[in-house]
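Inspection log for the structure reproduced underneath, given as structure tokens.
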Amino acid sequence: MTENSDLVPPLRLIADGDGRQDFALRDYLTRSEVPFLSIMVPAGATSAAGIDLNGRRLPVIVLADGSILEDPTPEAVASALGWVKPPTKSTYDLIIYGAGPAGLSAAVYAASEGLAVAVIERDAVGGQAGFSSLIENYLGFPGGISGAELADRARRQALAFGADLIVMRYGIARTFRDHDVRALLADGSEIRARAALTATGVQWRRLGLEGEQRFEGTGIYYGAGTSEAAACIGQHVYVVGGANSAGQAAMNLAAHAAHVTVVVRGPSLSTTMSAYLLNRLAAQPNVTILVHTRVVAVDGDDHLRTIVLDQDGAITHLPATHLFVCIGGAPNTDWAVTTDVILDSRSYVLTGVDLGPDDLRRWPLARPPYHLETSAPGIFAAGDVRANSVKRVASAVGEGAMAVTLIHRYLADDGG
């Protein structure tokens, strides 16, 4: 997220291990497109890269201006970089929840058309797309582009048009009623708007194994593992999943690891993965694909050491220090519990014609909901969080743009 990053000295991340906090910082900086040097030192080291470590709590972040953050959270790093800013207004035309492709697209189009826009994002900009090491089928980028870089370009574009980007802020309450949207943030501030777009996307699904949470960030990673690829040199690593995200992860890791094994539950990848990725995996000499196979157990000490595979009933214990899980996502819709927004049986947001008569018993307007409008008038949804959406970056970007057109119509005809 740094402008003119080639002119700014990279941050330095000094750590003495491979713990969860070290991973959280590497992951956040990578997904935020922040250049940094990762410096590993032995436990008890007293100095590194000219920095006195005596009495300091590791990991340490050394900023470009020389200031030092001890054992910081990603939020603390974002704040030190000047990204955590309060809203500039108390009232907006549109509040967008989520800064993934759909939310950023909507922010660009809405702000460029003169709407006052606030985007609320509790994590790094980019959403799940920010984990993608290389998106090769996105229009206009024949050489491909990383999800983090695409998101950073969109972020800068939205800011240039005047959108407010409120990052690393948790919304602890939201109210959707009477054409009045209210968002209460964790820092106590409240903002209001005449309409809202929920683009909260999905979160990576877990394997559901005993001990899985224990190794998150210390051997088990979710998504393409872009920040961890360099640590896999000479290793045999494992990728779980059969869709494009797993294929992207495998190709990215194959450029670093000695060998990559892709673990697939089904009989093949042909029905779940794009042909171009499938062909590349088949031609990659250090990639093996295991079908009809599941990871059924994980074990280790302070780091993952062993995985157990079940291949058609044959159980195998294998040494493993890096397991990348890419098995799709579950919608981020916990927020809907306290609203009138109706979800489907899988907890995705229902919009437009997907809303049935029973869903619209309390619909107050004479017209039916617009295509991307939820069961609450003036509340729209776009991208992966929406039921029956196409789970592709290009589709999310298109829905974000479409939502702005419908929001303009709502504000003109219904929103006052």
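Labeling convention for the structure tokens: chains A, B, ... as they appear, residues from 1 per chain, ligands from 1 in order of appearance.
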
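Residues in contact with stretch 350-360 of chain A at up to 7 Å, not including ones fewer than 4 positions away on its chain and judged by only C-alpha atoms, are Ile342, Leu343, Asp344, Pro369, Tyr370, His371, Leu372, Glu373, Thr374, Ser375, Arg386 and Ala387 of chain A.
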
So that I can check the surroundings of A:Gly208, please list as a VMD selection string every protein, DNA and RNA residue that reaches within 12 Å of it, counting only C-alpha atoms and ignoring chain neighbours fewer than 5 positions away.
chain A and resid 213 to 214 294 to 298 325 327

Dump C-alpha atoms for the selected residues as a compact mmCIF listing (two decimals), in the first residue's frame?
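Listed below is the output, again-v7.txt:
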# COMPACT_ATOMS: atom_id res chain seq x y z
CA GLN A 213 -6.08 -24.19 15.00
CA ARG A 214 -2.96 -24.91 17.03
CA ARG A 294 -8.03 -36.43 2.28
CA VAL A 295 -5.93 -35.00 5.11
CA VAL A 296 -7.43 -36.67 8.18
CA ALA A 297 -5.01 -35.64 10.95
CA VAL A 298 -2.18 -33.24 11.77
CA VAL A 325 -5.39 -25.23 2.63
CA ILE A 327 -10.81 -25.56 -0.04

Tell me which protein, DNA and RNA residues are within 12 Å of A:Ala243, counting only C-alpha atoms, leaving out same-chain ones fewer than 5 positions away, and put them as a PDB file with C-alpha atoms, in the first residue's frame.
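Once everything was written out, this is result_0.pdb:
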ATOM      1  CA  GLY A 223      -4.675 -19.586   0.626  1.00  0.00           C
ATOM      2  CA  ALA A 224      -1.768 -19.397  -1.775  1.00  0.00           C
ATOM      3  CA  GLN A 248      -2.409 -21.041  -8.156  1.00  0.00           C
ATOM      4  CA  ALA A 249      -0.918 -21.986  -4.796  1.00  0.00           C
ATOM      5  CA  ALA A 250       0.705 -25.125  -6.191  1.00  0.00           C
ATOM      6  CA  VAL A 262      -1.787 -31.488  -4.287  1.00  0.00           C
ATOM      7  CA  VAL A 263      -4.355 -33.398  -2.246  1.00  0.00           C
ATOM      8  CA  VAL A 264      -7.798 -33.667  -3.893  1.00  0.00           C
ATOM      9  CA  ARG A 265     -10.892 -35.304  -2.442  1.00  0.00           C
ATOM     10  CA  GLY A 266     -12.528 -35.955  -5.795  1.00  0.00           C
ATOM     11  CA  SER A 268      -9.959 -35.411 -10.802  1.00  0.00           C
ATOM     12  CA  LEU A 269      -9.405 -31.672 -11.185  1.00  0.00           C
ATOM     13  CA  SER A 270     -11.045 -31.338 -14.586  1.00  0.00           C
ATOM     14  CA  THR A 271     -14.448 -30.211 -13.272  1.00  0.00           C
ATOM     15  CA  THR A 272     -13.192 -27.761 -10.645  1.00  0.00           C
ATOM     16  CA  MET A 273     -10.071 -26.098 -12.058  1.00  0.00           C
ATOM     17  CA  SER A 274      -9.586 -23.910 -15.141  1.00  0.00           C
ATOM     18  CA  ALA A 275      -7.984 -25.763 -18.035  1.00  0.00           C
ATOM     19  CA  LEU A 277      -4.029 -24.175 -14.617  1.00  0.00           C
ATOM     20  CA  LEU A 278      -4.688 -27.891 -14.922  1.00  0.00           C
ATOM     21  CA  VAL A 325      -5.394 -25.228   2.629  1.00  0.00           C
ATOM     22  CA  CYS A 326      -7.389 -23.917  -0.350  1.00  0.00           C
ATOM     23  CA  ILE A 327     -10.805 -25.557  -0.041  1.00  0.00           C
ATOM     24  CA  GLY A 328     -13.110 -22.653  -0.758  1.00  0.00           C
ATOM     25  CA  GLY A 329     -14.753 -20.161   1.500  1.00  0.00           C
ATOM     26  CA  LYS A 391     -16.894 -16.782  -7.569  1.00  0.00           C
ATOM     27  CA  ARG A 392     -14.400 -14.987  -9.791  1.00  0.00           C
TER      28      ARG A 392
END

Near-A:Arg31 list (7 Å; only C-alpha atoms; drop same-chain fewer than 3 positions) as a PyMOL selection string:
chain A and resi 27-28+124+130-131+148

From the list A:Thr321, A:Thr88, A:Thr339, A:Ser79, which residue is nearest A:Tyr221 when using only C-alpha atoms?
A:Thr321

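Across A:Gln284, A:Tyr138, A:Leu290, A:Pro59, the tightest approach to A:Ala255 is made by A:Gln284 when counting only C-alpha atoms.
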
Can you list, as a ChimeraX atom specification, every residue of stretch 76-252 of chain A that DSSP puts in strand (DSSP E or B)?
/A:91-97,117-121,135,145,164-167,171-177,180-185,190-198,202-204,216,220-222,233,236-240

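The smallest atom-to-atom distance between A:Gly217 and any of A:Asn286, A:Asp71, A:Gly242, A:His303, using only C-alpha atoms, is found for A:His303.
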
Shell around A:His236 at 7 Å using only C-alpha atoms, local window under 2 positions removed, as a PyMOL selection string
chain A and resi 234+238+257-260

Just N, CA and C atoms for this one: save the residues we selected as an mmCIF file, in the first residue's frame.
data_model
loop_
_atom_site.group_PDB
_atom_site.id
_atom_site.type_symbol
_atom_site.label_atom_id
_atom_site.label_comp_id
_atom_site.auth_asym_id
_atom_site.auth_seq_id
_atom_site.Cartn_x
_atom_site.Cartn_y
_atom_site.Cartn_z
ATOM 1 N N GLY A 234 13.579 -26.121 -0.822
ATOM 2 C CA GLY A 234 14.097 -27.435 -0.463
ATOM 3 C C GLY A 234 13.120 -28.318 0.276
ATOM 4 N N TYR A 238 2.573 -29.420 0.911
ATOM 5 C CA TYR A 238 1.294 -30.014 0.520
ATOM 6 C C TYR A 238 0.243 -28.919 0.358
ATOM 7 N N ALA A 257 9.679 -24.690 -3.685
ATOM 8 C CA ALA A 257 9.802 -25.952 -2.962
ATOM 9 C C ALA A 257 10.443 -27.028 -3.830
ATOM 10 N N ALA A 258 11.016 -28.018 -3.159
ATOM 11 C CA ALA A 258 11.567 -29.154 -3.896
ATOM 12 C C ALA A 258 10.453 -29.956 -4.553
ATOM 13 N N HIS A 259 9.334 -30.103 -3.840
ATOM 14 C CA HIS A 259 8.209 -30.852 -4.396
ATOM 15 C C HIS A 259 6.906 -30.349 -3.784
ATOM 16 N N VAL A 260 5.853 -30.371 -4.576
ATOM 17 C CA VAL A 260 4.520 -29.963 -4.130
ATOM 18 C C VAL A 260 3.556 -31.107 -4.415
#

Select from stretch 60-219 of chain A everything DSSP, run on the backbone, classes as alpha helix (DSSP H), then give the selection as a count of residues only.
33

Quick one: pull the distance between atom CA of A:Ile14 and atom CA of A:Phe324, Å, one decimal.
24.0 Å

Polymer residues at most 8 Å from A:Ala163, only C-alpha atoms, same-chain spacing of 3 or more positions, as number ranges by chain:
A: 107-108, 111, 116-119, 158-160

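When only C-alpha atoms are used to compute distances to A:Ile96, the closest of the residues A:Leu13, A:Val308, A:Ala229, A:Val181 turns out to be A:Val181.
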